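First the structure, in the form of structure tokens, and then the observations on it.
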Amino acid sequence: MNTGIFKIAIFLLVFFLFCYFRFTNLDKRISFGWDQEQYTVQVRQLIKDHKPVLIGPRVNNDRGFFLAPYFTYIIAPFFLLTNLHPNALLYFLILFNFLFFFLSFYLIKSMFGGQTAFLFLIFWSINSLLATYDIIPWWPIWIPLGVIITWWLLHKIYHCRGYFWWAILGFTLGFFFNMHIQFALVIFFAAVFGLTIFKSKKISIYQPLISFIAFGATFIPLLIFDLRHQFLNSKLFINFFTNNGDSFRGYLLIWLPVFNNLIKSLIHFNSFILTTLFYVLIFALIIWLYRTSKGFYRNFFFSLAALWLVFPLVFTKYGRRPSEYYFIFLYPFLYLVVAESIKRLPKKIHATILIILIPYLFFNNLDSLSYRIKPDTYSLYYMDKLVKDFAPFAKNKKFNIAFGVPVGGDSGYRYLFDLYGIKQTENWSDPLVQLVRPVRKECQFKSEAGGIIVPKGLE
């Protein structure tokens, strides 16, 4: 078979797998919980009420500080297309995943070659955890793309003189940091890289200074917010790092169970011993890549070695068990290391490894992938169906709504009620409609997401 045709066939197969595990039943899998409702309300204020949004996601918990609202502005055009309906999230996810696939391939290919780019996307496409995270419409979805763009910009500043790419790098780091705080570790990686090339590339002090200014410019919305609110966010920021006395500091391995869950798609087993060995193996591969590389790549893998050593210490210092998505920034690095290591082996050896590794990863993830592409009964689709069916009945009727759902189960419904013109009187002498989950026999309106019970006298 012609080599060019074979490569195209492989590329199309990988693209098919990537799309199949992300887009199958996508309309019935999109979540519309607290996070989605929060920025959707911001979008409505921006579009309908013409109120500028100055703050975005809150870091960690209700005592955390705010990041900038770039995600809100990016997703707003999709809501314009759907007249403020949350189905906008469907179109955003489709476009974003296409962007991730093709841009990742192009950028990685331009730095590490086509084979590494192919392997990276094969591994990414069949990972059940990543297939899930890739269709959650929230801020961390941007982190893997931000990591890859950062690699490319570091490649640019290594090979190009001048200030332009340094400014773009600073702005990019600030932009993605404002998507999720975990990107601070990617900033650390970029800073180490900058230090390693400072002397060898004769970097002017003004180049990183320009980068720092561009980074700071991404926080202008927060500065405006602070000026309007007596520096509230600055106080929250200081308090977050100085008043965390309830954390369990000193537990060195607090990050390890989360890392184990993160890589279960790779090693299959819940084993701290295997997880530790995996961590050490990846570090050994990074050191090998560093010692067998020159130029940009040597600096790159040195910086990655520093990151690989530091990220456990950061989470140890944080002192609390983070969620798995706090580690999602690691996956691009991890797959790059594996792909690049395999590529550098003799052809017969790396062909043998791939013949074993790819089927192993695919079948290790297949059950989870097959389960995750099934419709989610608590997704936006079924929530919307329930409220939409109820809306004609509710027209011109006076009532209030109570939620008989698990904690957090009411998230998203209030926005949908407003969207369909269902208003509560807030006069508690009026009848009380109940939205319950799971569905009960007495529910007059039902969907897979729950049911609505209409009291006697309102029917």
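Residues in the structure tokens are named by chain (A, B, ... in the order shown) and by number from 1 within that chain; ligands are numbered from 1 in the order shown.
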
**Study point:** Within 10 Å of A:Arg22 using only C-alpha atoms, minus same-chain residues under 5 positions, as an NGL selection string
**Key:** :A and (16-17 or 29 or 93-94 or 97 or 125 or 128 or 130-135 or 369 or 372-373)

Exercise for review: Run DSSP on the backbone and grab whatever in stretch 46-260 of chain A lands in alpha helix (DSSP H); send it over as a PyMOL selection string.
Suggested key: chain A and resi 46-47+70-81+88-112+114-125+128-133+143-159+164-177+184-197+206-217+220-228+232-242+256-260

Exercise for review: Skip A:Ile263 itself and residues of its chain fewer than 3 positions away, then list as a PyMOL selection string all residues within 10 Å of it, counting only C-alpha atoms.
Suggested key: chain A and resi 127+129+258-260+266-270+275+278-279+324+331+334

Check your understanding: Interatomic distance between atom CA of A:Phe327 and atom CA of A:Ile136?
Key -> 15.5 Å

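Candidate residues A:Leu145, A:Val337, A:Leu361, A:Ile203 were compared for distance to A:Phe112, and the nearest is A:Val337, using only C-alpha atoms.
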
Review point. Near A:Ile213, counting only C-alpha atoms, which residues have an atom at most 9 Å away, once you skip same-chain residues fewer than 6 positions from it, shown as an MDAnalysis selection string?
Key: chainID A and resid 167 170:171

Point to revise | Long-range neighbours of A:Gly33 as an NGL selection string, 9 Å cut-off, only C-alpha atoms, 2 positions minimum in chain | key: :A and (31 or 35-38 or 379-380 or 408-413)

Requested write-out: C-alpha atoms of the selected residues, as a compact mmCIF listing (two decimals), in the first residue's frame:
```
# COMPACT_ATOMS: atom_id res chain seq x y z
CA SER A 31 -24.35 18.15 31.87
CA ASP A 35 -21.04 25.41 36.92
CA GLN A 36 -22.94 25.52 33.64
CA GLU A 37 -25.85 27.43 35.15
CA GLN A 38 -23.45 29.95 36.71
CA SER A 379 -28.38 15.48 31.30
CA LEU A 380 -29.53 18.80 29.88
CA GLY A 408 -27.22 20.02 43.93
CA GLY A 409 -29.92 18.32 41.86
CA ASP A 410 -31.80 21.60 41.43
CA SER A 411 -28.88 23.19 39.56
CA GLY A 412 -29.83 24.22 36.06
CA TYR A 413 -33.59 24.04 36.54
```

Point to revise | Spatial neighbours of A:Leu84, max dist 10 Å, only C-alpha atoms, sep filter under 2 positions, as a list in words | key: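 Everything that qualifies: Thr40, Val41, Val43, Arg44, Ile47, Lys48, Ala76, Pro77, Phe78, Phe79, Leu80, Leu81, Thr82, Pro86, Asn87, Ala88 and Leu419 of chain A.
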
Exercise for review: Quick one: pull the distance between atom CA of A:Val192 and atom CA of A:Lys235, Å, one decimal.
Suggested key: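 Computing it gives 29.2 Å between the two atoms.
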
Check your understanding: Do you know which residues are at most 6 Å from stretch 425-437 of chain A counting only C-alpha atoms, after dropping those on the same chain fewer than 6 positions away, and could you put them as a list in words?
Key -> Phe399, Asn400, Ile401, Ala402, Phe403, Gly404, Val405, Gly450, Gly451, Ile452, Ile453 and Val454 of chain A

**Study point:** Which of A:Phe18, A:Phe390, A:Phe71, A:Phe102 sits closest to A:Tyr39 [using only C-alpha atoms]
**Key:** A:Phe71
